[in-house]
$ cat entry29.cif   # mmCIF, C-alpha atoms
data_run
#
loop_
_atom_site.label_atom_id
_atom_site.label_comp_id
_atom_site.auth_asym_id
_atom_site.auth_seq_id
_atom_site.Cartn_x
_atom_site.Cartn_y
_atom_site.Cartn_z
CA MET E 24 12.04 -8.27 -13.57
CA LYS E 25 11.13 -11.10 -11.27
CA ILE E 26 12.08 -11.13 -7.60
CA SER E 27 13.31 -14.47 -6.25
CA LYS E 28 11.90 -16.22 -3.19
CA LYS E 29 15.10 -15.34 -1.35
CA THR E 30 14.57 -11.64 -1.99
CA ASP E 31 10.89 -11.89 -1.14
CA TYR E 32 11.69 -13.62 2.15
CA ALA E 33 14.45 -11.13 3.00
CA LEU E 34 12.07 -8.23 2.44
CA ARG E 35 9.33 -9.84 4.54
CA VAL E 36 11.76 -10.31 7.44
CA LEU E 37 13.20 -6.82 7.16
CA PHE E 38 9.72 -5.27 7.24
CA THR E 39 8.80 -7.42 10.25
CA LEU E 40 11.94 -6.21 12.03
CA ILE E 41 11.08 -2.60 11.19
CA GLU E 42 7.57 -3.13 12.52
CA ASN E 43 8.97 -4.52 15.78
CA ASP E 44 11.89 -2.10 16.11
CA GLY E 45 12.53 -1.29 19.76
CA LEU E 46 10.48 -4.23 21.03
CA GLY E 47 13.41 -6.63 21.35
CA PRO E 48 14.72 -9.47 19.22
CA ILE E 49 12.49 -11.86 17.29
CA SER E 50 13.41 -15.54 17.11
CA ILE E 51 13.98 -17.23 13.77
CA ARG E 52 11.02 -19.49 14.54
CA GLU E 53 8.73 -16.50 15.07
CA LEU E 54 10.02 -14.73 11.95
CA ALA E 55 9.37 -17.87 9.91
CA LYS E 56 5.86 -18.28 11.32
CA LYS E 57 4.86 -14.60 10.96
CA ASN E 58 6.02 -14.50 7.35
CA SER E 59 5.02 -17.99 6.15
CA ILE E 60 8.62 -18.92 5.36
CA PRO E 61 10.20 -22.37 5.80
CA LYS E 62 12.48 -22.02 8.84
CA ARG E 63 15.41 -23.92 7.33
CA PHE E 64 15.40 -21.72 4.24
CA LEU E 65 15.00 -18.58 6.31
CA GLU E 66 18.10 -19.43 8.35
CA HIS E 67 20.21 -19.12 5.19
CA VAL E 68 18.57 -15.84 4.17
CA VAL E 69 19.04 -14.31 7.62
CA LEU E 70 22.70 -15.35 7.70
CA GLU E 71 23.26 -13.54 4.41
CA MET E 72 21.50 -10.45 5.74
CA LYS E 73 23.61 -10.61 8.89
CA GLY E 74 26.73 -10.80 6.73
CA GLU E 75 25.61 -7.64 4.92
CA GLY E 76 25.09 -5.87 8.24
CA TRP E 77 21.35 -5.49 7.72
CA VAL E 78 20.34 -7.58 10.74
CA ALA E 79 22.05 -8.44 14.00
CA SER E 80 21.61 -11.53 16.15
CA ILE E 81 21.12 -11.39 19.88
CA PRO E 82 22.21 -14.63 21.58
CA GLY E 83 20.47 -16.29 24.48
CA ARG E 84 17.14 -17.72 25.51
CA ASN E 85 15.27 -14.52 24.70
CA GLY E 86 17.48 -13.75 21.73
CA GLY E 87 16.76 -13.51 18.07
CA TYR E 88 17.17 -10.94 15.33
CA VAL E 89 16.89 -7.18 15.21
CA LEU E 90 17.38 -4.60 12.51
CA ALA E 91 21.07 -3.65 12.54
CA GLY E 92 20.95 -0.31 10.80
CA ASP E 93 18.75 2.57 9.86
CA PRO E 94 15.94 1.48 7.50
CA GLU E 95 16.29 4.88 5.83
CA SER E 96 19.76 3.94 4.55
CA LEU E 97 18.89 0.55 3.03
CA THR E 98 17.18 0.51 -0.37
CA MET E 99 15.12 -2.02 -2.24
CA GLY E 100 17.72 -1.82 -5.01
CA GLN E 101 20.49 -2.95 -2.66
CA ILE E 102 18.47 -5.91 -1.44
CA VAL E 103 17.33 -7.06 -4.86
CA ARG E 104 20.81 -6.71 -6.34
CA HIS E 105 22.33 -8.64 -3.43
CA PHE E 106 20.01 -11.64 -3.75
CA ASP E 107 19.10 -11.55 -7.45
CA GLY E 108 22.12 -9.89 -9.03
CA VAL E 109 20.56 -7.54 -11.56
CA LEU E 110 17.51 -5.38 -12.13
CA ALA E 111 17.70 -5.41 -15.93
CA PRO E 112 15.17 -7.45 -17.94
CA ILE E 113 17.89 -8.71 -20.32
CA GLY E 114 21.65 -9.07 -19.97
CA CYS E 115 22.70 -6.65 -22.71
CA VAL E 116 21.11 -3.67 -20.91
CA SER E 117 22.38 -4.59 -17.45
CA VAL E 118 24.81 -2.21 -15.77
CA THR E 119 26.04 -4.66 -13.11
CA GLY E 120 25.67 -7.94 -15.00
CA TYR E 121 26.20 -6.97 -18.63
CA GLU E 122 26.10 -9.82 -21.13
CA PRO E 123 27.02 -9.01 -24.74
CA CYS E 124 24.56 -9.79 -27.48
CA SER E 125 25.27 -10.14 -31.21
CA GLU E 126 22.18 -8.05 -32.02
CA GLU E 127 22.92 -5.06 -29.78
CA LYS E 128 23.68 -2.61 -32.61
CA VAL E 129 20.52 -3.44 -34.57
CA CYS E 130 18.11 -4.56 -31.85
CA ARG E 131 14.79 -2.75 -32.07
CA PHE E 132 13.65 -3.38 -28.49
CA ARG E 133 16.97 -2.84 -26.67
CA PRO E 134 16.44 0.95 -26.25
CA LEU E 135 13.03 0.37 -24.66
CA LEU E 136 14.37 -2.31 -22.33
CA SER E 137 17.27 -0.06 -21.42
CA SER E 138 14.83 2.70 -20.53
CA ILE E 139 12.77 0.24 -18.47
CA ARG E 140 15.95 -0.80 -16.65
CA ASP E 141 16.77 2.82 -15.87
CA THR E 142 13.27 3.51 -14.54
CA VAL E 143 13.17 0.36 -12.40
CA ALA E 144 16.68 0.95 -11.04
CA GLN E 145 15.86 4.56 -10.16
CA GLN E 146 12.64 3.57 -8.40
CA MET E 147 14.32 0.73 -6.50
CA ASP E 148 17.30 2.86 -5.50
CA ASP E 149 15.05 5.69 -4.30
CA ALA E 150 12.84 3.34 -2.25
CA THR E 151 14.31 2.99 1.21
CA LEU E 152 12.92 0.32 3.50
CA LYS E 153 11.55 3.07 5.72
CA SER E 154 9.76 4.85 2.87
CA VAL E 155 8.24 1.59 1.58
CA TYR E 156 7.19 0.57 5.09
CA ASP E 157 5.65 3.97 5.78
CA SER E 158 3.75 3.99 2.48
CA SER E 159 2.36 0.53 3.16
CA SER E 160 1.37 1.12 6.80
CA GLY E 161 -2.30 1.41 5.81
CA ILE E 162 -2.30 -2.12 4.38
CA THR E 163 -4.19 -4.67 6.47
CA LYS E 164 -3.40 -8.34 6.57
#
$ encode --input "entry29.cif" --output "structure tokens"
Amino acid sequence: MKISKKTDYALRVLFTLIENDGLGPISIRELAKKNSIPKRFLEHVVLEMKGEGWVASIPGRNGGYVLAGDPESLTMGQIVRHFDGVLAPIGCVSVTGYEPCSEEKVCRFRPLLSSIRDTVAQQMDDATLKSVYDSSSGITK
């Protein structure tokens, strides 16, 4: 599984918003700078997150973005699936993006990759933003 830049950027922003929760909105310019993300690209990512209800925008001179919901109710699995589509390493073991394969019935590595998919999906779906943030709070930049 490889996470796209879009997913990476979304996660960076969401963790920044968690870190600053209760301190007021953060401008798109500041979010871009803090997270080393091109501002123009970030605008598209933030709009998608706003559409999902994950962030809210506060208009005005001192406006910006804030976390819209509880970080305990949003999982890594939801975010990755939204931006990247699937968690499976190959299409024939995907639950949400299944792609048939002519070798499915005889494939020797399909069971292993299916098991990997299950493990990754479980871990991602169990990992809320809050739990990931809390477990990484000892990390220094």
$ closest_residue --input "entry29.cif" --among "E:Ser125, E:Val78, E:Arg104, E:Thr151" --to "Asp44 (chain E)" --atoms "only C-alpha atoms"
E:Val78
$ closest_residue --input "entry29.cif" --among "E:Ser137, E:Ser158, E:Ser80, E:Gln146" --to "Tyr121 (chain E)" --atoms "all atoms listed in the file"
E:Ser137
$ resolve_selection --input "entry29.cif" --expression "the PyMOL selection byres ((chain E and resi 65-76) around 8)" --output "PyMOL selection string"
chain E and resi 29+32-33+51+55+60-64+77-80+91-92
$ atom_distance --input "entry29.cif" --atom1 "CA of Val116 (chain E)" --atom2 "CA of Ser154 (chain E)"
27.7 Å
$ residues_around --input "entry29.cif" --residues "Gly47 (chain E)" --least-positions-apart "6" --cutoff "12 Å" --atoms "only C-alpha atoms" --output "mmCIF file with C-alpha atoms, in the frame of the given file"
data_model
loop_
_atom_site.group_PDB
_atom_site.id
_atom_site.type_symbol
_atom_site.label_atom_id
_atom_site.label_comp_id
_atom_site.auth_asym_id
_atom_site.auth_seq_id
_atom_site.Cartn_x
_atom_site.Cartn_y
_atom_site.Cartn_z
ATOM 1 C CA LEU E 40 11.940 -6.210 12.030
ATOM 2 C CA ILE E 41 11.080 -2.600 11.190
ATOM 3 C CA ALA E 79 22.050 -8.440 14.000
ATOM 4 C CA SER E 80 21.610 -11.530 16.150
ATOM 5 C CA ILE E 81 21.120 -11.390 19.880
ATOM 6 C CA PRO E 82 22.210 -14.630 21.580
ATOM 7 C CA ASN E 85 15.270 -14.520 24.700
ATOM 8 C CA GLY E 86 17.480 -13.750 21.730
ATOM 9 C CA GLY E 87 16.760 -13.510 18.070
ATOM 10 C CA TYR E 88 17.170 -10.940 15.330
ATOM 11 C CA VAL E 89 16.890 -7.180 15.210
ATOM 12 C CA LEU E 90 17.380 -4.600 12.510
#
$ closest_residue --input "entry29.cif" --among "E:Gly108, E:Gly83, E:Ser96, E:Leu54" --to "Ile26 (chain E)" --atoms "only C-alpha atoms"
E:Gly108
$ residues_near_point --input "entry29.cif" --point "(4.5, -11.5, 11.7)" --cutoff "10 Å" --atoms "all atoms listed in the file" --output "ChimeraX atom specification"
/E:35-36,38-40,42-43,49,53-59,164
$ write_last_selection --input "entry29.cif" --atoms "C-alpha atoms" --output "mmCIF file, in the coordinates of the input"
data_model
loop_
_atom_site.group_PDB
_atom_site.id
_atom_site.type_symbol
_atom_site.label_atom_id
_atom_site.label_comp_id
_atom_site.auth_asym_id
_atom_site.auth_seq_id
_atom_site.Cartn_x
_atom_site.Cartn_y
_atom_site.Cartn_z
ATOM 1 C CA ARG E 35 9.330 -9.840 4.540
ATOM 2 C CA VAL E 36 11.760 -10.310 7.440
ATOM 3 C CA PHE E 38 9.720 -5.270 7.240
ATOM 4 C CA THR E 39 8.800 -7.420 10.250
ATOM 5 C CA LEU E 40 11.940 -6.210 12.030
ATOM 6 C CA GLU E 42 7.570 -3.130 12.520
ATOM 7 C CA ASN E 43 8.970 -4.520 15.780
ATOM 8 C CA ILE E 49 12.490 -11.860 17.290
ATOM 9 C CA GLU E 53 8.730 -16.500 15.070
ATOM 10 C CA LEU E 54 10.020 -14.730 11.950
ATOM 11 C CA ALA E 55 9.370 -17.870 9.910
ATOM 12 C CA LYS E 56 5.860 -18.280 11.320
ATOM 13 C CA LYS E 57 4.860 -14.600 10.960
ATOM 14 C CA ASN E 58 6.020 -14.500 7.350
ATOM 15 C CA SER E 59 5.020 -17.990 6.150
ATOM 16 C CA LYS E 164 -3.400 -8.340 6.570
#
$ resolve_selection --input "entry29.cif" --expression "the PyMOL selection byres ((chain E and resi 114) around 12)" --output "PyMOL selection string"
chain E and resi 24+108-113+115-125+127+133+136-137+140
$ atom_distance --input "entry29.cif" --atom1 "CA of Lys25 (chain E)" --atom2 "CA of Leu37 (chain E)"
19.0 Å
$ atom_distance --input "entry29.cif" --atom1 "CA of Val155 (chain E)" --atom2 "CA of Thr142 (chain E)"
17.0 Å
$ residues_near_point --input "entry29.cif" --point "(14.8, 1.3, 5.4)" --cutoff "7 Å" --atoms "all atoms listed in the file" --output "PyMOL selection string"
chain E and resi 93-98+151-154
$ closest_residue --input "entry29.cif" --among "E:Gly100, E:Lys128, E:Asp157, E:Asp107" --to "Val143 (chain E)" --atoms "only C-alpha atoms"
E:Gly100
$ closest_residue --input "entry29.cif" --among "E:Phe106, E:Cys130, E:Ser159, E:Arg84" --to "Pro48 (chain E)" --atoms "only C-alpha atoms"
E:Arg84
$ axis_aligned_box --input "entry29.cif" --around "region 153-160 of chain E" --padding-each-side "4 Å" --output "AutoDock Vina command-line options"
--center_x 6.5 --center_y 2.7 --center_z 4.2 --size_x 18.2 --size_y 12.3 --size_z 13.2
$ decode --input "entry29.cif" --residues "region 97-108 of chain E" --atoms "all heavy atoms" --output "compact mmCIF listing (two decimals), in the first residue's frame"
# COMPACT_ATOMS: atom_id res chain seq x y z
N LEU E 97 -13.01 9.95 13.48
CA LEU E 97 -12.46 9.89 12.12
C LEU E 97 -11.26 8.96 12.12
O LEU E 97 -10.35 9.12 12.94
CB LEU E 97 -12.05 11.30 11.66
CG LEU E 97 -11.54 11.46 10.25
CD1 LEU E 97 -12.56 10.97 9.23
CD2 LEU E 97 -11.19 12.92 9.99
N THR E 98 -11.27 7.98 11.20
CA THR E 98 -10.18 7.00 11.18
C THR E 98 -9.25 7.20 9.99
O THR E 98 -9.62 7.82 8.99
CB THR E 98 -10.74 5.56 11.12
OG1 THR E 98 -11.34 5.35 9.83
CG2 THR E 98 -11.72 5.28 12.24
N MET E 99 -8.07 6.66 10.15
CA MET E 99 -7.10 6.68 9.05
C MET E 99 -7.67 5.94 7.84
O MET E 99 -7.46 6.37 6.71
CB MET E 99 -5.80 6.01 9.49
CG MET E 99 -5.07 6.71 10.62
SD MET E 99 -4.14 8.13 10.08
CE MET E 99 -2.81 7.34 9.21
N GLY E 100 -8.40 4.87 8.08
CA GLY E 100 -9.01 4.11 6.99
C GLY E 100 -9.96 4.97 6.17
O GLY E 100 -9.95 4.91 4.94
N GLN E 101 -10.78 5.78 6.82
CA GLN E 101 -11.70 6.66 6.11
C GLN E 101 -10.95 7.65 5.22
O GLN E 101 -11.34 7.87 4.08
CB GLN E 101 -12.56 7.46 7.10
CG GLN E 101 -13.60 6.66 7.83
CD GLN E 101 -14.24 7.50 8.92
OE1 GLN E 101 -13.64 7.75 9.96
NE2 GLN E 101 -15.46 7.93 8.67
N ILE E 102 -9.91 8.21 5.76
CA ILE E 102 -9.15 9.23 5.02
C ILE E 102 -8.44 8.61 3.83
O ILE E 102 -8.52 9.12 2.71
CB ILE E 102 -8.15 9.93 5.96
CG1 ILE E 102 -8.92 10.67 7.06
CG2 ILE E 102 -7.25 10.88 5.19
CD1 ILE E 102 -8.10 11.01 8.27
N VAL E 103 -7.76 7.50 4.05
CA VAL E 103 -7.03 6.85 2.96
C VAL E 103 -8.00 6.39 1.88
O VAL E 103 -7.76 6.59 0.68
CB VAL E 103 -6.16 5.68 3.48
CG1 VAL E 103 -5.57 4.90 2.33
CG2 VAL E 103 -5.07 6.19 4.40
N ARG E 104 -9.10 5.78 2.28
CA ARG E 104 -10.08 5.32 1.28
C ARG E 104 -10.66 6.50 0.49
O ARG E 104 -10.90 6.39 -0.70
CB ARG E 104 -11.19 4.53 1.94
CG ARG E 104 -10.80 3.12 2.30
CD ARG E 104 -11.99 2.34 2.85
NE ARG E 104 -11.59 1.06 3.39
CZ ARG E 104 -11.35 0.82 4.68
NH1 ARG E 104 -11.49 1.79 5.58
NH2 ARG E 104 -10.99 -0.38 5.07
N HIS E 105 -10.91 7.62 1.17
CA HIS E 105 -11.47 8.78 0.47
C HIS E 105 -10.52 9.28 -0.63
O HIS E 105 -10.93 9.49 -1.76
CB HIS E 105 -11.77 9.93 1.43
CG HIS E 105 -12.18 11.18 0.71
ND1 HIS E 105 -13.45 11.32 0.17
CD2 HIS E 105 -11.49 12.30 0.37
CE1 HIS E 105 -13.51 12.49 -0.45
NE2 HIS E 105 -12.34 13.09 -0.34
N PHE E 106 -9.26 9.45 -0.29
CA PHE E 106 -8.32 10.03 -1.24
C PHE E 106 -7.68 9.01 -2.18
O PHE E 106 -7.39 9.33 -3.33
CB PHE E 106 -7.22 10.82 -0.51
CG PHE E 106 -7.70 12.11 0.07
CD1 PHE E 106 -7.88 12.26 1.43
CD2 PHE E 106 -7.98 13.19 -0.75
CE1 PHE E 106 -8.34 13.45 1.97
CE2 PHE E 106 -8.44 14.39 -0.23
CZ PHE E 106 -8.63 14.52 1.14
N ASP E 107 -7.46 7.79 -1.70
CA ASP E 107 -6.75 6.80 -2.51
C ASP E 107 -7.63 5.66 -3.02
O ASP E 107 -7.18 4.85 -3.83
CB ASP E 107 -5.58 6.21 -1.72
CG ASP E 107 -4.51 7.25 -1.43
OD1 ASP E 107 -4.46 8.27 -2.15
OD2 ASP E 107 -3.74 7.06 -0.48
N GLY E 108 -8.82 5.55 -2.51
CA GLY E 108 -9.76 4.54 -3.01
C GLY E 108 -9.72 3.22 -2.30
O GLY E 108 -10.72 2.78 -1.77
